[in-house]
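For reference, run_30.cif is printed below; it contains mmCIF, C-alpha atoms.
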```cif
data_data
#
loop_
_atom_site.group_PDB
_atom_site.id
_atom_site.type_symbol
_atom_site.label_atom_id
_atom_site.label_comp_id
_atom_site.auth_asym_id
_atom_site.auth_seq_id
_atom_site.Cartn_x
_atom_site.Cartn_y
_atom_site.Cartn_z
ATOM 1 C CA MET A 1244 108.161 -117.350 -5.314
ATOM 2 C CA LYS A 1245 105.011 -116.639 -3.273
ATOM 3 C CA ALA A 1246 106.264 -113.134 -2.461
ATOM 4 C CA MET A 1247 106.710 -112.496 -6.179
ATOM 5 C CA LEU A 1248 103.130 -113.536 -6.977
ATOM 6 C CA SER A 1249 101.388 -112.067 -3.927
ATOM 7 C CA PRO A 1250 101.831 -108.314 -3.705
ATOM 8 C CA VAL A 1251 101.142 -106.775 -0.333
ATOM 9 C CA ARG A 1252 99.045 -103.942 -1.729
ATOM 10 C CA PRO A 1253 96.726 -103.545 -4.701
ATOM 11 C CA ALA A 1254 98.155 -102.441 -8.035
ATOM 12 C CA PRO A 1255 97.589 -98.830 -9.130
ATOM 13 C CA GLY A 1256 94.145 -98.198 -10.599
ATOM 14 C CA TYR A 1257 95.398 -97.717 -14.161
ATOM 15 C CA PHE A 1258 97.096 -101.129 -14.077
ATOM 16 C CA GLN A 1259 94.026 -102.748 -12.528
ATOM 17 C CA ALA A 1260 91.892 -101.306 -15.323
ATOM 18 C CA LEU A 1261 94.222 -102.724 -17.977
ATOM 19 C CA ALA A 1262 94.367 -106.125 -16.283
ATOM 20 C CA LEU A 1263 90.598 -106.313 -15.809
ATOM 21 C CA SER A 1264 89.969 -105.308 -19.424
ATOM 22 C CA VAL A 1265 91.863 -108.265 -20.904
ATOM 23 C CA PRO A 1266 89.490 -111.089 -19.846
ATOM 24 C CA LEU A 1267 86.508 -108.899 -20.768
ATOM 25 C CA LEU A 1268 87.947 -108.203 -24.219
ATOM 26 C CA ILE A 1269 88.737 -111.902 -24.686
ATOM 27 C CA GLY A 1270 85.118 -112.716 -23.848
ATOM 28 C CA LEU A 1271 83.981 -110.235 -26.483
ATOM 29 C CA GLN A 1272 86.443 -111.692 -28.973
ATOM 30 C CA LEU A 1273 85.059 -115.187 -28.364
ATOM 31 C CA PHE A 1274 81.548 -113.845 -28.904
ATOM 32 C CA LEU A 1275 82.665 -112.354 -32.223
ATOM 33 C CA ALA A 1276 84.152 -115.700 -33.294
ATOM 34 C CA GLY A 1277 80.855 -117.380 -32.498
ATOM 35 C CA LEU A 1278 78.961 -114.684 -34.355
ATOM 36 C CA ALA A 1279 81.201 -115.200 -37.382
ATOM 37 C CA ILE A 1280 80.623 -118.946 -37.345
ATOM 38 C CA PHE A 1281 76.891 -118.945 -36.723
ATOM 39 C CA SER A 1282 75.617 -115.697 -38.173
ATOM 40 C CA ASP A 1283 77.751 -113.095 -39.898
ATOM 41 C CA GLY A 1284 81.142 -113.825 -41.469
ATOM 42 C CA VAL A 1285 82.142 -110.154 -41.299
ATOM 43 C CA ALA A 1286 82.581 -110.668 -37.552
ATOM 44 C CA TRP A 1287 85.914 -112.377 -38.344
ATOM 45 C CA GLU A 1288 87.323 -108.969 -39.243
ATOM 46 C CA TRP A 1289 86.063 -107.555 -35.946
ATOM 47 C CA HIS A 1290 87.537 -110.590 -34.156
ATOM 48 C CA ARG A 1291 90.951 -109.924 -35.750
ATOM 49 C CA ALA A 1292 90.817 -106.182 -35.023
ATOM 50 C CA LEU A 1293 89.893 -106.763 -31.403
ATOM 51 C CA GLY A 1294 92.718 -109.290 -31.107
ATOM 52 C CA SER A 1295 95.150 -106.570 -32.137
ATOM 53 C CA GLY A 1296 93.650 -104.262 -29.516
ATOM 54 C CA ILE A 1297 94.093 -106.926 -26.846
ATOM 55 C CA GLY A 1298 97.730 -107.178 -27.905
ATOM 56 C CA VAL A 1299 98.187 -103.448 -27.347
ATOM 57 C CA VAL A 1300 96.755 -103.756 -23.829
ATOM 58 C CA ILE A 1301 98.984 -106.734 -23.000
ATOM 59 C CA LEU A 1302 102.041 -104.958 -24.405
ATOM 60 C CA ALA A 1303 101.210 -101.840 -22.347
ATOM 61 C CA MET A 1304 100.937 -103.979 -19.206
ATOM 62 C CA LEU A 1305 104.284 -105.624 -19.963
ATOM 63 C CA ALA A 1306 105.966 -102.262 -20.570
ATOM 64 C CA LEU A 1307 104.559 -100.875 -17.328
ATOM 65 C CA ALA A 1308 105.567 -103.950 -15.323
ATOM 66 C CA ILE A 1309 109.107 -103.737 -16.685
ATOM 67 C CA THR A 1310 109.559 -99.977 -16.279
ATOM 68 C CA ARG A 1311 107.718 -99.274 -13.024
ATOM 69 C CA PRO A 1312 109.359 -100.654 -9.868
ATOM 70 C CA ALA A 1313 105.989 -100.659 -8.090
ATOM 71 C CA LEU A 1314 104.730 -103.178 -10.662
ATOM 72 C CA ARG A 1315 107.697 -105.565 -10.516
ATOM 73 C CA HIS A 1316 105.457 -108.222 -8.916
ATOM 74 C CA TYR A 1317 103.598 -108.477 -12.230
ATOM 75 C CA ARG A 1318 106.591 -108.965 -14.534
ATOM 76 C CA LEU A 1319 106.353 -112.752 -14.627
ATOM 77 C CA LEU A 1320 102.614 -112.777 -15.287
ATOM 78 C CA THR A 1321 102.706 -110.061 -17.927
ATOM 79 C CA THR A 1322 105.587 -111.844 -19.666
ATOM 80 C CA LEU A 1323 103.558 -115.068 -19.645
ATOM 81 C CA LEU A 1324 100.526 -113.259 -21.047
ATOM 82 C CA PHE A 1325 102.613 -111.670 -23.785
ATOM 83 C CA ALA A 1326 104.262 -114.997 -24.696
ATOM 84 C CA LEU A 1327 100.865 -116.723 -24.908
ATOM 85 C CA TYR A 1328 99.540 -113.866 -27.025
ATOM 86 C CA CYS A 1329 102.487 -114.228 -29.420
ATOM 87 C CA LEU A 1330 101.809 -117.961 -29.672
ATOM 88 C CA GLN A 1331 98.393 -117.133 -31.125
ATOM 89 C CA PHE A 1332 100.121 -116.006 -34.307
ATOM 90 C CA VAL A 1333 102.599 -118.864 -34.294
ATOM 91 C CA TRP A 1334 99.777 -121.438 -34.365
ATOM 92 C CA LEU A 1335 97.986 -119.665 -37.194
ATOM 93 C CA GLU A 1336 101.036 -118.988 -39.370
ATOM 94 C CA LEU A 1337 102.770 -122.307 -38.755
ATOM 95 C CA GLY A 1338 99.554 -124.198 -39.419
ATOM 96 C CA GLU A 1339 99.013 -122.276 -42.625
ATOM 97 C CA ALA A 1340 102.618 -122.769 -43.768
ATOM 98 C CA LEU A 1341 102.427 -126.507 -43.127
ATOM 99 C CA GLY A 1342 98.844 -126.853 -44.321
ATOM 100 C CA SER A 1343 97.864 -128.251 -40.930
ATOM 101 C CA GLY A 1344 94.450 -127.541 -39.509
ATOM 102 C CA ALA A 1345 95.508 -129.439 -36.382
ATOM 103 C CA ILE A 1346 98.223 -126.877 -35.673
ATOM 104 C CA GLN A 1347 95.831 -124.009 -36.402
ATOM 105 C CA ALA A 1348 93.361 -125.595 -33.980
ATOM 106 C CA LEU A 1349 95.857 -124.792 -31.235
ATOM 107 C CA HIS A 1350 94.858 -121.124 -31.711
ATOM 108 C CA PRO A 1351 91.544 -121.415 -29.782
ATOM 109 C CA ALA A 1352 93.112 -123.800 -27.266
ATOM 110 C CA ASN A 1353 95.814 -121.219 -26.619
ATOM 111 C CA ALA A 1354 93.090 -118.568 -26.267
ATOM 112 C CA LEU A 1355 91.791 -120.568 -23.318
ATOM 113 C CA LEU A 1356 95.250 -120.399 -21.725
ATOM 114 C CA ILE A 1357 95.401 -116.654 -22.347
ATOM 115 C CA ASN A 1358 92.017 -116.233 -20.711
ATOM 116 C CA ILE A 1359 93.064 -118.268 -17.659
ATOM 117 C CA ALA A 1360 96.283 -116.254 -17.329
ATOM 118 C CA SER A 1361 94.394 -112.975 -17.767
ATOM 119 C CA LEU A 1362 91.846 -113.926 -15.114
ATOM 120 C CA PHE A 1363 94.692 -114.821 -12.760
ATOM 121 C CA MET A 1364 96.349 -111.482 -13.543
ATOM 122 C CA ALA A 1365 93.123 -109.573 -12.948
ATOM 123 C CA GLU A 1366 92.689 -111.295 -9.590
ATOM 124 C CA ARG A 1367 96.301 -110.557 -8.638
ATOM 125 C CA THR A 1368 95.995 -106.853 -9.403
ATOM 126 C CA LEU A 1369 93.356 -106.467 -6.755
ATOM 127 C CA GLY A 1370 95.968 -107.381 -4.134
ATOM 128 C CA GLN A 1371 95.157 -108.019 -0.525
ATOM 129 C CA ARG A 1372 92.339 -105.805 0.600
ATOM 130 C CA GLY A 1373 92.160 -105.085 4.264
#
```
Now, as a test, write the supplied structure out as structure tokens.
Amino acid sequence: MKAMLSPVRPAPGYFQALALSVPLLIGLQLFLAGLAIFSDGVAWEWHRALGSGIGVVILAMLALAITRPALRHYRLLTTLLFALYCLQFVWLELGEALGSGAIQALHPANALLINIASLFMAERTLGQRG
């Protein structure tokens, strides 16, 4: 398992850039949620749009990890990130369908898990520098 999570060399630069962008974009998305709550409600639309953009980045990382043998070490982590991202919509839609704010409240809690996983992914892409 350790060999699967600890690549011997850094990931290619394009994959590093994608991986490093996710926690930065999540930070911006959290800022937009705060802005919507405390200042300007239109920021919710920006928050939603940015969330879609983050999904595109995560999906690109997953596709690359699956199709590029050099990125096979990242398949588990990108799959986890994608699954957590998909759960974001499950919590919102299920909560709305059941009329449960408690279920919808899992959306920001899950965002924390996505951020932790994305930070771990970003750290992993840097590999072992000599």
Next item on the list: Please evaluate the PyMOL selection byres ((chain A and resi 1351) around 12) against the structure above and give the resulting residues as a list in words.
Entry: Ile1269, Gln1272, Leu1273, Ala1276, Gly1277, Leu1327, Tyr1328, Leu1330, Gln1331, Phe1332, Trp1334, Leu1335, Gly1344, Ala1345, Ile1346, Gln1347, Ala1348, Leu1349, His1350, Ala1352, Asn1353, Ala1354, Leu1355, Leu1356, Ile1357 and Asn1358 of chain A
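Here CA of Ile1359 (chain A) and CA of Leu1320 (chain A) stand 11.3 Å from one another.
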Check: When distances are computed from all atoms listed in the file, which of A:Leu1293, A:Ala1306, A:Val1300, A:Leu1341 shows the smallest separation from Leu1275 (chain A)?
Finding: A:Leu1293
Note to self: Show me, as JSON, numbers by chain, the residues that have an atom within 7 Å of Leu1261 (chain A) when counting only C-alpha atoms, minus same-chain residues fewer than 4 positions from it.
What the structure shows: {"A": [1257, 1265, 1300, 1304]}
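Put simply, CA of Gly1270 (chain A) is 24.2 Å away from CA of Pro1253 (chain A).
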Note to self: Ranking A:Ala1254, A:Ala1292, A:Val1285, A:Ile1309 by minimum distance to Leu1271 (chain A) and counting all atoms listed in the file, which one comes first?
What the structure shows: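 For Leu1271 (chain A), the nearest of the candidates is A:Ala1292.
Taking CA of Leu1314 (chain A) and CA of Phe1258 (chain A) as endpoints, the distance between them is 8.6 Å.
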Hey, could you pull the box centre and edge lengths for region 1251-1265 of chain A, axis-aligned, 8 Å padding per side, all listed atoms, to one decimal in Å, as JSON?
```
{"center_x": 95.6, "center_y": -103.0, "center_z": -10.6, "size_x": 27.2, "size_y": 26.5, "size_z": 36.6}
```
Margin query: Once the PyMOL selection byres ((chain A and resi 1324) around 9) has been evaluated on this model, what residues remain selected, and can you format them as JSON, numbers by chain?
Written below: {"A": [1301, 1305, 1319, 1320, 1321, 1322, 1323, 1325, 1326, 1327, 1328, 1329, 1356, 1357, 1360, 1361, 1364]}
Reconstructed region 1316-1345 of chain A, atom set N, CA and C atoms, as a short mmCIF file (atom, residue, chain, number, x, y, z; two decimals), in the coordinates of the input:
```
data_model
loop_
_atom_site.label_atom_id
_atom_site.label_comp_id
_atom_site.auth_asym_id
_atom_site.auth_seq_id
_atom_site.Cartn_x
_atom_site.Cartn_y
_atom_site.Cartn_z
N HIS A 1316 106.11 -106.96 -9.29
CA HIS A 1316 105.46 -108.22 -8.92
C HIS A 1316 104.67 -108.82 -10.08
N TYR A 1317 104.42 -108.03 -11.10
CA TYR A 1317 103.60 -108.48 -12.23
C TYR A 1317 104.43 -108.81 -13.46
N ARG A 1318 105.74 -108.72 -13.37
CA ARG A 1318 106.59 -108.96 -14.53
C ARG A 1318 106.45 -110.39 -15.06
N LEU A 1319 106.45 -111.36 -14.19
CA LEU A 1319 106.35 -112.75 -14.63
C LEU A 1319 105.01 -113.01 -15.31
N LEU A 1320 103.94 -112.54 -14.71
CA LEU A 1320 102.61 -112.78 -15.29
C LEU A 1320 102.40 -112.02 -16.59
N THR A 1321 102.88 -110.80 -16.67
CA THR A 1321 102.71 -110.06 -17.93
C THR A 1321 103.57 -110.67 -19.03
N THR A 1322 104.74 -111.17 -18.67
CA THR A 1322 105.59 -111.84 -19.67
C THR A 1322 104.90 -113.12 -20.16
N LEU A 1323 104.30 -113.87 -19.26
CA LEU A 1323 103.56 -115.07 -19.64
C LEU A 1323 102.40 -114.71 -20.57
N LEU A 1324 101.64 -113.69 -20.20
CA LEU A 1324 100.53 -113.26 -21.05
C LEU A 1324 101.01 -112.86 -22.44
N PHE A 1325 102.08 -112.11 -22.50
CA PHE A 1325 102.61 -111.67 -23.78
C PHE A 1325 103.10 -112.86 -24.62
N ALA A 1326 103.77 -113.81 -23.98
CA ALA A 1326 104.26 -115.00 -24.70
C ALA A 1326 103.09 -115.81 -25.24
N LEU A 1327 102.04 -115.99 -24.44
CA LEU A 1327 100.86 -116.72 -24.91
C LEU A 1327 100.18 -115.98 -26.05
N TYR A 1328 100.13 -114.67 -25.95
CA TYR A 1328 99.54 -113.87 -27.02
C TYR A 1328 100.33 -114.05 -28.32
N CYS A 1329 101.65 -114.03 -28.23
CA CYS A 1329 102.49 -114.23 -29.42
C CYS A 1329 102.28 -115.61 -30.02
N LEU A 1330 102.06 -116.60 -29.17
CA LEU A 1330 101.81 -117.96 -29.67
C LEU A 1330 100.55 -118.04 -30.54
N GLN A 1331 99.60 -117.14 -30.30
CA GLN A 1331 98.39 -117.13 -31.12
C GLN A 1331 98.75 -117.04 -32.61
N PHE A 1332 99.71 -116.21 -32.92
CA PHE A 1332 100.12 -116.01 -34.31
C PHE A 1332 100.99 -117.15 -34.81
N VAL A 1333 101.77 -117.72 -33.91
CA VAL A 1333 102.60 -118.86 -34.29
C VAL A 1333 101.72 -120.01 -34.77
N TRP A 1334 100.66 -120.32 -33.99
CA TRP A 1334 99.78 -121.44 -34.36
C TRP A 1334 99.11 -121.18 -35.71
N LEU A 1335 98.65 -119.97 -35.93
CA LEU A 1335 97.99 -119.66 -37.19
C LEU A 1335 98.95 -119.74 -38.37
N GLU A 1336 100.08 -119.07 -38.26
CA GLU A 1336 101.04 -118.99 -39.37
C GLU A 1336 101.72 -120.32 -39.64
N LEU A 1337 102.12 -121.01 -38.58
CA LEU A 1337 102.77 -122.31 -38.76
C LEU A 1337 101.80 -123.31 -39.37
N GLY A 1338 100.57 -123.31 -38.87
CA GLY A 1338 99.55 -124.20 -39.42
C GLY A 1338 99.29 -123.92 -40.88
N GLU A 1339 99.24 -122.64 -41.22
CA GLU A 1339 99.01 -122.28 -42.62
C GLU A 1339 100.20 -122.68 -43.49
N ALA A 1340 101.42 -122.43 -43.01
CA ALA A 1340 102.62 -122.77 -43.77
C ALA A 1340 102.74 -124.27 -44.00
N LEU A 1341 102.32 -125.06 -43.01
CA LEU A 1341 102.43 -126.51 -43.13
C LEU A 1341 101.15 -127.14 -43.66
N GLY A 1342 100.12 -126.32 -43.87
CA GLY A 1342 98.84 -126.85 -44.32
C GLY A 1342 98.20 -127.76 -43.29
N SER A 1343 98.36 -127.41 -42.02
CA SER A 1343 97.86 -128.25 -40.93
C SER A 1343 96.77 -127.55 -40.13
N GLY A 1344 95.56 -128.04 -40.32
CA GLY A 1344 94.45 -127.54 -39.51
C GLY A 1344 94.62 -127.90 -38.04
N ALA A 1345 95.29 -129.02 -37.77
CA ALA A 1345 95.51 -129.44 -36.38
C ALA A 1345 96.37 -128.42 -35.64
#
```
